[in-house]
Each structure stands twice: as structure tokens, then as C-alpha cells.
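Asks: So here's structure.txt (compact mmCIF, C-alpha atoms).
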```
# COMPACT_ATOMS: atom_id res chain seq x y z
CA MET V 7 33.95 1.54 -5.19
CA TYR V 8 33.02 2.90 -1.73
CA LYS V 9 30.29 5.07 -3.22
CA LYS V 10 28.83 2.04 -4.99
CA ILE V 11 28.67 0.19 -1.67
CA LEU V 12 27.01 3.15 0.05
CA GLU V 13 24.39 3.46 -2.70
CA HIS V 14 23.35 -0.17 -2.19
CA LEU V 15 22.98 -0.03 1.59
CA ASN V 16 19.51 -0.32 3.13
CA GLU V 17 20.40 2.23 5.83
CA ALA V 18 20.40 5.95 5.13
CA VAL V 19 23.90 7.47 5.25
CA LEU V 20 24.34 11.25 5.40
CA LEU V 21 27.55 13.30 5.50
CA PHE V 22 27.64 16.78 7.10
CA ASP V 23 30.45 19.35 7.07
CA ARG V 24 31.61 21.41 10.06
CA GLN V 25 28.69 23.81 9.59
CA LEU V 26 26.36 20.80 9.78
CA LYS V 27 25.39 21.27 6.13
CA LEU V 28 24.57 18.13 4.15
CA THR V 29 27.25 17.29 1.57
CA TYR V 30 26.32 13.69 0.70
CA ILE V 31 23.29 11.39 0.99
CA ASN V 32 22.95 7.86 -0.38
CA THR V 33 19.97 6.33 -2.21
CA ALA V 34 18.43 4.92 0.98
CA GLY V 35 18.57 8.46 2.43
CA GLU V 36 16.76 9.88 -0.60
CA ILE V 37 14.05 7.25 -0.14
CA LEU V 38 13.77 8.02 3.58
CA PHE V 39 13.40 11.78 3.01
CA ALA V 40 11.29 11.26 -0.14
CA ASP V 41 13.42 13.76 -2.04
CA SER V 42 16.40 13.81 -4.40
CA ALA V 43 19.99 14.49 -3.35
CA ARG V 44 19.96 17.58 -5.59
CA HIS V 45 17.27 19.17 -3.43
CA LEU V 46 18.59 17.92 -0.09
CA LEU V 47 22.28 18.84 -0.39
CA GLY V 48 23.12 22.07 1.40
CA ASN V 49 20.33 21.74 3.96
CA SER V 50 21.32 21.91 7.61
CA ALA V 51 20.87 19.09 10.08
CA ILE V 52 18.31 21.22 11.91
CA GLU V 53 16.21 21.55 8.76
CA LEU V 54 16.37 17.82 8.01
CA PHE V 55 15.77 16.58 11.56
CA LYS V 56 12.87 18.86 12.41
CA THR V 57 11.66 16.96 15.47
CA VAL V 58 15.13 16.86 17.00
CA ASP V 59 15.12 19.33 19.86
CA SER V 60 17.83 21.86 20.71
CA GLU V 61 19.58 19.38 22.98
CA GLN V 62 20.04 17.04 20.04
CA ARG V 63 21.59 19.90 18.05
CA LEU V 64 24.05 20.58 20.86
CA ASP V 65 24.98 16.90 20.83
CA LEU V 66 25.79 17.12 17.13
CA GLU V 67 27.91 20.18 17.74
CA GLN V 68 29.60 18.39 20.61
CA CYS V 69 30.28 15.51 18.25
CA LEU V 70 32.23 18.01 16.12
CA ARG V 71 34.08 19.69 18.97
CA MET V 72 34.87 16.75 21.22
CA ASP V 73 35.25 13.94 18.65
CA GLU V 74 32.54 11.94 20.43
CA PRO V 75 30.18 9.58 18.61
CA LEU V 76 26.47 9.94 19.26
CA VAL V 77 23.81 7.23 19.38
CA ASP V 78 20.08 7.83 19.87
CA ARG V 79 17.64 4.93 19.58
CA GLU V 80 13.97 5.10 18.60
CA LEU V 81 14.21 8.76 17.66
CA THR V 82 11.04 10.19 16.09
CA LEU V 83 11.48 12.41 13.02
CA ASP V 84 8.87 14.38 11.11
CA ILE V 85 9.57 13.92 7.40
CA MET V 86 7.14 14.97 4.65
CA ASN V 87 4.42 15.43 7.33
CA GLN V 88 4.87 11.81 8.42
CA SER V 89 6.36 10.64 11.71
CA ILE V 90 8.96 7.92 11.39
CA THR V 91 11.01 6.13 14.04
CA VAL V 92 14.73 5.60 13.48
CA ASN V 93 17.90 4.54 15.23
CA PHE V 94 20.23 7.55 14.92
CA SER V 95 24.02 7.42 15.09
CA ALA V 96 26.58 10.14 14.35
CA THR V 97 30.29 9.39 13.88
CA PRO V 98 32.97 12.12 13.57
CA VAL V 99 35.39 11.94 10.63
CA ILE V 100 38.96 13.00 11.44
CA ASN V 101 41.33 14.58 8.93
CA ASP V 102 44.70 16.02 9.98
CA ASP V 103 43.95 15.47 13.66
CA GLN V 104 40.70 17.40 13.61
CA VAL V 105 37.07 16.59 13.04
CA THR V 106 36.06 17.85 9.61
CA GLU V 107 32.81 16.00 8.95
CA ILE V 108 30.13 13.89 10.60
CA ILE V 109 28.66 10.68 9.21
CA VAL V 110 25.04 10.18 10.27
CA GLU V 111 23.37 6.76 9.90
CA LEU V 112 19.59 6.36 10.10
CA GLN V 113 18.00 2.94 10.40
CA GLN V 114 14.26 3.19 9.88
CA LEU V 115 12.49 0.97 12.39
CA ASP V 116 9.04 1.50 10.83
CA ARG V 117 10.20 -0.29 7.69
CA HIS V 118 11.17 -3.45 9.58
CA LEU V 119 7.87 -3.40 11.47
CA ARG V 120 5.97 -2.92 8.21
CA ILE V 121 7.75 -5.85 6.53
CA SER V 122 6.92 -8.09 9.50
CA LYS V 123 3.30 -6.90 9.44
CA GLU V 124 3.04 -7.54 5.69
CA GLU V 125 4.41 -11.07 6.01
CA GLN V 126 1.90 -11.83 8.76
CA LEU V 127 -0.95 -10.30 6.75
CA LEU V 128 -0.07 -12.24 3.59
CA SER V 129 0.13 -15.48 5.58
CA GLN V 130 -3.23 -14.84 7.27
CA GLN V 131 -4.91 -13.93 4.00
CA SER V 132 -3.56 -17.06 2.31
CA THR V 133 -4.91 -19.25 5.13
CA VAL V 134 -8.31 -17.52 5.19
CA ARG V 135 -8.57 -17.71 1.39
CA MET V 136 -7.92 -21.48 1.47
CA LEU V 137 -10.58 -21.99 4.16
CA VAL V 138 -13.14 -19.85 2.32
CA ARG V 139 -12.50 -21.55 -1.02
CA GLY V 140 -12.90 -24.96 0.61
CA LEU V 141 -16.13 -23.88 2.30
CA ALA V 142 -17.48 -22.36 -0.93
CA HIS V 143 -16.80 -25.59 -2.85
CA GLU V 144 -18.58 -27.64 -0.17
CA ILE V 145 -21.63 -25.35 -0.37
CA LYS V 146 -21.75 -25.30 -4.17
CA ASN V 147 -22.12 -29.07 -4.49
CA PRO V 148 -25.39 -29.51 -2.54
CA LEU V 149 -26.58 -26.14 -3.86
CA GLY V 150 -26.48 -27.47 -7.42
CA GLY V 151 -28.50 -30.52 -6.37
CA LEU V 152 -31.01 -28.33 -4.56
CA ARG V 153 -31.53 -26.14 -7.64
CA GLY V 154 -31.86 -29.17 -9.93
CA ALA V 155 -34.46 -30.76 -7.67
CA ALA V 156 -36.44 -27.50 -7.59
CA GLN V 157 -36.40 -27.32 -11.40
CA LEU V 158 -37.67 -30.91 -11.72
CA LEU V 159 -40.37 -30.25 -9.15
CA ASP V 160 -41.39 -27.08 -11.00
CA LEU V 161 -41.94 -29.11 -14.20
CA GLU V 162 -44.23 -31.53 -12.36
CA LEU V 163 -46.42 -28.86 -10.74
CA ASP V 164 -49.51 -27.37 -12.39
CA ASP V 165 -50.60 -25.05 -9.59
CA PRO V 166 -49.22 -21.52 -10.25
CA GLU V 167 -49.07 -20.81 -6.51
CA LEU V 168 -46.89 -23.86 -5.89
CA LYS V 169 -44.71 -22.97 -8.89
CA GLU V 170 -44.08 -19.60 -7.23
CA TYR V 171 -42.38 -21.41 -4.33
CA THR V 172 -40.12 -23.44 -6.61
CA GLN V 173 -39.17 -20.27 -8.50
CA ILE V 174 -38.15 -18.69 -5.21
CA ILE V 175 -35.96 -21.72 -4.43
CA ILE V 176 -34.33 -21.51 -7.87
CA ALA V 177 -33.79 -17.74 -7.63
CA GLU V 178 -32.27 -17.96 -4.15
CA SER V 179 -30.06 -20.85 -5.26
CA ASP V 180 -28.78 -18.68 -8.11
CA ARG V 181 -28.13 -15.83 -5.70
CA LEU V 182 -26.15 -18.10 -3.39
CA GLN V 183 -24.32 -19.53 -6.40
CA GLY V 184 -23.22 -16.00 -7.34
CA LEU V 185 -22.09 -15.32 -3.78
CA MET V 186 -20.05 -18.54 -3.73
CA ASP V 187 -18.39 -17.59 -7.02
CA LYS V 188 -17.38 -14.27 -5.50
CA MET V 189 -16.04 -16.00 -2.39
CA LEU V 190 -13.94 -18.28 -4.57
CA GLY V 191 -12.37 -15.16 -6.03
CA PRO V 192 -10.75 -14.73 -9.45
CA ASN V 193 -10.46 -18.07 -11.21
CA LYS V 194 -8.51 -16.87 -14.22
CA LEU V 195 -4.78 -16.29 -14.48
CA PRO V 196 -3.89 -12.66 -15.20
CA ASN V 197 -3.61 -11.83 -18.90
CA LYS V 198 -0.64 -9.52 -18.45
CA ALA V 199 0.62 -6.88 -20.85
CA LEU V 200 2.48 -3.59 -20.52
CA LEU V 201 0.08 -0.78 -19.69
CA ASN V 202 0.06 2.73 -18.28
CA ILE V 203 -1.28 2.63 -14.75
CA HIS V 204 -3.13 5.89 -15.35
CA GLU V 205 -5.34 4.21 -17.96
CA VAL V 206 -6.66 2.06 -15.11
CA VAL V 207 -7.08 4.93 -12.65
CA GLU V 208 -8.77 7.17 -15.23
CA ARG V 209 -11.22 4.42 -16.25
CA VAL V 210 -12.21 3.97 -12.60
CA ARG V 211 -12.51 7.73 -12.11
CA GLN V 212 -14.88 8.02 -15.07
CA LEU V 213 -17.05 5.13 -13.88
CA VAL V 214 -17.35 6.49 -10.36
CA LEU V 215 -18.14 10.03 -11.50
CA ILE V 216 -21.00 8.68 -13.63
CA GLU V 217 -22.36 6.70 -10.67
CA ALA V 218 -22.01 9.68 -8.28
CA ASN V 219 -24.25 11.98 -10.36
CA GLY V 220 -22.16 15.09 -9.73
CA LYS V 221 -22.11 14.83 -5.92
CA LEU V 222 -18.49 13.66 -5.72
CA SER V 223 -15.32 15.74 -6.08
CA VAL V 224 -12.32 13.81 -7.45
CA ILE V 225 -8.76 15.16 -7.21
CA GLN V 226 -6.17 13.76 -9.65
CA ASP V 227 -2.59 13.77 -8.35
CA TYR V 228 -0.64 11.72 -10.87
CA ASP V 229 3.07 11.15 -11.41
CA PRO V 230 3.45 10.98 -15.22
CA SER V 231 6.97 9.53 -14.93
CA ILE V 232 5.73 6.12 -13.71
CA PRO V 233 6.89 3.43 -16.19
CA ASP V 234 4.40 1.00 -17.70
CA VAL V 235 3.45 -1.89 -15.44
CA PHE V 236 3.15 -5.51 -16.60
CA ALA V 237 -0.37 -6.40 -15.52
CA ASP V 238 -3.88 -7.51 -16.43
CA LYS V 239 -5.80 -4.31 -17.19
CA ASN V 240 -9.28 -5.69 -16.43
CA GLN V 241 -8.18 -7.20 -13.12
CA LEU V 242 -6.51 -3.96 -12.03
CA ILE V 243 -9.61 -1.97 -12.96
CA GLN V 244 -11.73 -4.35 -10.87
CA ALA V 245 -9.37 -4.10 -7.88
CA VAL V 246 -9.16 -0.30 -7.94
CA LEU V 247 -12.89 0.01 -8.61
CA ASN V 248 -13.74 -2.15 -5.58
CA ILE V 249 -11.68 0.09 -3.31
CA VAL V 250 -12.96 3.34 -4.83
CA ARG V 251 -16.59 2.23 -4.56
CA ASN V 252 -16.01 1.38 -0.90
CA ALA V 253 -14.58 4.87 -0.38
CA VAL V 254 -17.54 6.53 -2.10
CA GLN V 255 -20.00 4.47 -0.05
CA ALA V 256 -18.13 5.42 3.15
CA MET V 257 -18.61 9.09 2.20
CA GLU V 258 -22.29 8.35 1.43
CA GLY V 259 -21.83 9.39 -2.19
CA SER V 260 -20.51 12.91 -1.56
CA GLY V 261 -17.12 14.18 -0.44
CA VAL V 262 -13.59 14.48 -1.77
CA LEU V 263 -11.86 11.49 -3.33
CA THR V 264 -8.15 11.77 -4.19
CA LEU V 265 -6.48 9.45 -6.68
CA LYS V 266 -2.71 9.69 -6.32
CA THR V 267 0.10 7.81 -8.07
CA ARG V 268 3.79 7.73 -7.18
CA VAL V 269 6.92 5.64 -7.66
CA CYS V 270 8.50 3.99 -4.60
CA ARG V 271 12.12 2.88 -4.58
CA GLN V 272 13.59 -0.12 -2.74
CA MET V 273 10.14 -1.29 -1.65
CA THR V 274 9.85 -4.64 0.13
CA ILE V 275 6.68 -6.65 -0.46
CA GLY V 276 6.56 -9.85 1.52
CA ARG V 277 10.12 -11.15 1.33
CA LYS V 278 11.00 -9.60 -2.02
CA ARG V 279 12.71 -6.26 -2.37
CA ASN V 280 11.76 -4.32 -5.49
CA LYS V 281 13.89 -1.50 -6.84
CA LEU V 282 10.87 0.22 -8.38
CA THR V 283 7.24 -0.06 -7.29
CA ALA V 284 4.17 1.81 -8.52
CA ARG V 285 1.86 3.07 -5.77
CA ILE V 286 -1.78 4.04 -6.19
CA ASP V 287 -3.33 5.88 -3.24
CA ILE V 288 -7.12 6.09 -2.90
CA ILE V 289 -7.85 8.75 -0.29
CA ASP V 290 -11.33 9.61 0.98
CA THR V 291 -12.73 12.10 3.48
CA GLY V 292 -15.14 9.64 5.06
CA PRO V 293 -15.59 8.87 8.76
CA GLY V 294 -12.72 6.39 8.81
CA ILE V 295 -12.50 2.72 9.78
CA ASP V 296 -12.92 1.55 13.36
CA LYS V 297 -9.75 0.28 15.01
CA GLU V 298 -11.43 -3.07 15.64
CA MET V 299 -12.06 -3.41 11.91
CA MET V 300 -8.62 -2.32 10.68
CA SER V 301 -6.95 -5.71 11.10
CA LYS V 302 -9.87 -7.48 9.38
CA VAL V 303 -10.82 -5.21 6.46
CA PHE V 304 -9.36 -7.55 3.83
CA TYR V 305 -11.03 -10.68 5.21
CA PRO V 306 -14.01 -12.02 3.26
CA MET V 307 -17.50 -11.49 4.70
CA ILE V 308 -16.24 -8.70 6.98
CA THR V 309 -18.11 -5.43 6.44
CA GLY V 310 -19.21 -2.37 8.37
CA ARG V 311 -22.31 -1.83 6.20
CA ALA V 312 -25.61 -3.61 6.70
CA SER V 313 -26.01 -4.03 2.93
CA GLY V 314 -22.38 -5.02 2.21
CA THR V 315 -21.13 -8.48 1.34
CA GLY V 316 -17.61 -7.95 2.68
CA LEU V 317 -16.08 -9.32 -0.51
CA GLY V 318 -14.95 -6.19 -2.37
CA LEU V 319 -11.68 -5.60 -0.51
CA SER V 320 -10.94 -9.32 -0.23
CA ILE V 321 -11.29 -9.72 -4.01
CA ALA V 322 -9.19 -6.60 -4.60
CA GLN V 323 -6.40 -7.95 -2.40
CA SER V 324 -6.51 -11.31 -4.21
CA LEU V 325 -6.25 -9.62 -7.61
CA ILE V 326 -3.31 -7.47 -6.52
CA ASN V 327 -1.62 -10.49 -4.89
CA GLN V 328 -1.77 -12.22 -8.28
CA HIS V 329 0.41 -9.36 -9.56
CA ASP V 330 2.91 -9.88 -6.68
CA GLY V 331 1.56 -6.68 -5.16
CA MET V 332 0.02 -5.62 -1.88
CA ILE V 333 -2.73 -3.35 -0.55
CA GLU V 334 -2.30 -1.47 2.71
CA CYS V 335 -4.74 0.68 4.65
CA ASP V 336 -4.31 3.60 7.02
CA SER V 337 -7.36 5.30 8.48
CA GLN V 338 -8.38 8.09 10.81
CA PRO V 339 -11.56 10.18 10.95
CA GLY V 340 -11.72 12.36 7.85
CA ARG V 341 -8.90 10.60 6.00
CA THR V 342 -8.70 6.97 4.91
CA VAL V 343 -5.92 5.85 2.56
CA PHE V 344 -5.80 2.57 0.66
CA SER V 345 -2.41 2.12 -1.00
CA ILE V 346 -1.92 -0.36 -3.85
CA TYR V 347 1.68 -1.41 -4.50
CA LEU V 348 2.59 -3.00 -7.85
CA PRO V 349 6.19 -4.05 -8.57
CA LEU V 350 7.61 -2.75 -11.83
CA GLU V 351 9.44 -5.20 -14.05
CA ASN V 352 13.22 -5.51 -14.13
CA HIS V 353 13.50 -3.83 -17.53
CA HIS V 354 12.33 -0.60 -15.85
CA GLU V 355 15.05 -0.63 -13.20
```
How does the structure come out when it is put into C-alpha cells?

Replies:
Amino acid sequence: MYKKILEHLNEAVLLFDRQLKLTYINTAGEILFADSARHLLGNSAIELFKTVDSEQRLDLEQCLRMDEPLVDRELTLDIMNQSITVNFSATPVINDDQVTEIIVELQQLDRHLRISKEEQLLSQQSTVRMLVRGLAHEIKNPLGGLRGAAQLLDLELDDPELKEYTQIIIAESDRLQGLMDKMLGPNKLPNKALLNIHEVVERVRQLVLIEANGKLSVIQDYDPSIPDVFADKNQLIQAVLNIVRNAVQAMEGSGVLTLKTRVCRQMTIGRKRNKLTARIDIIDTGPGIDKEMMSKVFYPMITGRASGTGLGLSIAQSLINQHDGMIECDSQPGRTVFSIYLPLENHHE
């Protein structure tokens, strides 16, 4: 019964023996260390908490010797080459009047910050999308009248030079009409079916390689154990393709593009916690995204390229949102990562 409770906690719980060797870790701990209990058991506290200095190690040993609990807030750990911030607490376990084990609890602070950031981002995107859709509808109405008037005028004119002007009006009206349609975003409900996420990623890879004419290097790092996802194949292809094309354009058509898939456990998207989530990482070696742009990359009409429309990432986020998913971005010079999260259905849990 106690083990069942521990396995369902959000906080990581680890148990160490007197030699500070790991003897137990719950599911939240496996998620935190991105590894299975089978591989982690037997490791020492020093190996697991690599950024903890020697003083911290002495504190753990003192916890054993003196039966003194230890609390360290906002401790930075280096796990899987990623820095995470946790609240760290160690509690001695007494058997027969002596300390035999230590229980270590780790509460990841980054996760709470990320959930808050996601909720804010989803709320902002929803508000911006409503404003843009309303603006696009208001523009489309007079635009249709403008195009119709130009067509009628074109029929009445005999002078070829004057007809050229009306044709320009009609052509530009059509161009604006297409832009408004893109701003309105996807207008069809997803036609969902079970599909292998790698069918989507591979289709995008093939398309981009054809467009790159041999100048692009693509690395495939797939997890074949990912269950099928319940999604609209065409919409997912469009979302992934928009992000990948942005990455290729950022690298000016040549560089290294990595397509990576993994399964995330106990992932929170918005306010919903999902036991299993598929993650697609699109990693490029481009110059990175400016800090000023990072908070606005998913907004429509925001772009860092003179020839860009600023709609690709906005449309991609809308398509993924329709699948109850989320896109996140992390960028630094030489490495930009767009991560797509797609919840897996309950029958996969």
C-alpha cells in the first residue's frame, strides 16, 4: 500500500543505505533523472547529485551519523546534461536505535515554473488568436467587395492598359485573401485516427531533404517504443513541416537538423497531467533566436526574416493545440530546439 502511494507522488523520493547507495526510487524520481530504477539502483548519492559539492556530501554523512535532517532549497543539479533546480530534503530512518537509511525528497521547481509559463502562454495565444481572427474577418468583408468591383470594372473597360490596373487589383486582393485565410488558421476539425508518429516525422524529413538539394544533414534519433497517437496525420505533418522549414531557413539551407522522438511520463500540459506524452524535438544548428523574440515567436505576424509572414509557427501551435498538445522553444546560438508535446490516449497508459 505504501509503495503504491509513493509511486503516485509528484515529488521524487529516493532511499539510500548507510553507504549512501540508492536502494529505492519512485516513478517521479525516474522521470526526474530520465532513467529507469533498474539502471539507477546501486548508484551513490555523489554520482546522482553531481553538482552537489563536497560540503553537501559531508552533510549527508552527518545526517547518517548524527540523526539530523537536512534541508537545502533551490539546489541546482546537473542531470542528463541539463541543469534543474530542486528543493532538497534528507530525513534519517531509524531502526533499532540507529540510523540505517536516508530518505531524500526532491521537489523540482523548474516544473512548477514551466506549468505556470505554459498556462500564461496558452492564455495569451488564445487571446491573440481571437483578436487576429476578428481582424481577419473584418478585412475579408470589404476585400471581397473590392475584388468584385474590380472585376465588374474590368468587364467594362476596353483599353488593355486600364485592364492591367484592374488585374493588379484583383491579383492583390487574392493575395490578401490568402493571407487572411492563413491568419484565420485551420478551419477544419481534426480527422483523428491512430497513427505512428514516425510516419509524420519521416514524411517531413523526405520533403525537406528534397527541398534542400543535398545541402542539409538530417540526424534521426527515434524511440521506436512510442505508442500510436490519436491524431490528424495531415495536420501533424503541416505543423512539423512549418517548424522544420523555419529551422532550415534559419540555417540558410545548410547545416545539421536533428529529428528526435521520446516518451515523457507524468507530463503536465496546461492544467492537465498526462501519464504518457509523445515528444518530437526539432533541433537545428542555426544562429538561434534573439531573446527579445523568444516570448513572441508563436504570435502571428511576428518574424525575424524580411521575407517571412510570421504565420508558420502560429499555425503550427494552433494545430497542436487542437490535439491538446503544446509546442515549446529553447534557443541559444548554435542550438535551437522546438519541442512538440502530444498526449497519448488513455488506452496506452

Asks: For V:Thr274, which of V:Asp78, V:Asp165, V:Asp330, V:Glu107 is the closest residue, counting only C-alpha atoms?

Replies: V:Asp330

Asks: So, counting all atoms listed in the file, which residue among V:Ala322, V:Ala218, V:Val105, V:Val343 is closest to V:Ile288?

Replies: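 Under the stated criterion, the closest residue is V:Val343.
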
Asks: Find the residue from V:Val250, V:Ala51, V:Met300, V:Leu348 that sits nearest to V:Ile108; use only C-alpha atoms when measuring.

Replies: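 Nearest to V:Ile108: V:Ala51.
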
Asks: Give me, as JSON, numbers by chain, all polymer residues having an atom no more than 9 Å from stretch 219-221 of chain V, counting only C-alpha atoms and skipping those fewer than 3 positions away in the same chain.

Replies: {"V": [214, 215, 216, 259, 260, 261]}

Asks: With distances taken over only C-alpha atoms, which residue among V:Ala156, V:Leu263, V:Ile11, V:Ala245 lies nearest V:Gly292?

Replies: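 That would be V:Leu263, the residue with the smallest distance to V:Gly292.
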
Asks: For atom CA of V:Ala253 and atom CA of V:Lys266, quote the distance in Å rounded to one decimal.

Replies: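 Straight-line distance from atom CA of V:Ala253 to atom CA of V:Lys266 works out to 14.1 Å.
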
Asks: Using all atoms listed in the file, collect all residues at a distance of at most 12 Å from (6.8, 0.4, -7.0) as written in the file, then present them as number ranges by chain.

Replies: V: 203, 232-236, 267-275, 278-286, 329-332, 345-352, 354-355

Asks: Of the candidates V:Asp238, V:Asp164, V:Asp102, V:Glu144, which shows the shortest atom-to-atom distance to V:Glu205, using only C-alpha atoms?

Replies: V:Asp238

Asks: What is the atom CA of V:Asp103 to atom CA of V:Lys9 distance in Å?

Replies: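 Distance between the two atoms: 24.1 Å.
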
Asks: Could you tell me which of V:Ile90, V:Val110, V:Ala199, V:Ile100 comes closest to V:Met72 if we count all atoms listed in the file?

Replies: V:Ile100

Asks: State, in Å with one decimal place, the distance from atom CA of V:His204 to atom CA of V:Val246.

Replies: 11.4 Å

Asks: Got a sec: who's within 7 Å of V:Phe304, counting all atoms listed in the file, leaving out chain neighbours fewer than 3 positions off, as a ChimeraX atom specification?

Replies: /V:319-320,323

Asks: Got a sec: who's within 10 Å of V:Thr264, counting all atoms listed in the file, leaving out chain neighbours fewer than 5 positions off, as a VMD selection string?

Replies: chain V and resid 211 223 to 227 250 287 to 291 343

Asks: Just write the chosen residues, C-alpha atoms, as a PDB file, in the coordinates of the input.

Replies:
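For reference, selection-v4.pdb as written:
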```
ATOM      1  CA  ARG V 211     -12.510   7.730 -12.110  1.00  0.00           C
ATOM      2  CA  SER V 223     -15.320  15.740  -6.080  1.00  0.00           C
ATOM      3  CA  VAL V 224     -12.320  13.810  -7.450  1.00  0.00           C
ATOM      4  CA  ILE V 225      -8.760  15.160  -7.210  1.00  0.00           C
ATOM      5  CA  GLN V 226      -6.170  13.760  -9.650  1.00  0.00           C
ATOM      6  CA  ASP V 227      -2.590  13.770  -8.350  1.00  0.00           C
ATOM      7  CA  VAL V 250     -12.960   3.340  -4.830  1.00  0.00           C
ATOM      8  CA  ASP V 287      -3.330   5.880  -3.240  1.00  0.00           C
ATOM      9  CA  ILE V 288      -7.120   6.090  -2.900  1.00  0.00           C
ATOM     10  CA  ILE V 289      -7.850   8.750  -0.290  1.00  0.00           C
ATOM     11  CA  ASP V 290     -11.330   9.610   0.980  1.00  0.00           C
ATOM     12  CA  THR V 291     -12.730  12.100   3.480  1.00  0.00           C
ATOM     13  CA  VAL V 343      -5.920   5.850   2.560  1.00  0.00           C
TER      14      VAL V 343
END
```

Asks: Is it possible to get the residues within 12 Å of (-33.4, -27.9, -11.7) (coordinates as in the file, counting all atoms listed in the file) written as a list in words?

Replies: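 Those residues, ordered by chain and then number, are Leu149, Gly150, Gly151, Leu152, Arg153, Gly154, Ala155, Ala156, Gln157, Leu158, Leu159, Asp160, Leu161, Glu162, Thr172, Gln173, Ile175, Ile176, Ala177, Ser179 and Asp180 of chain V.
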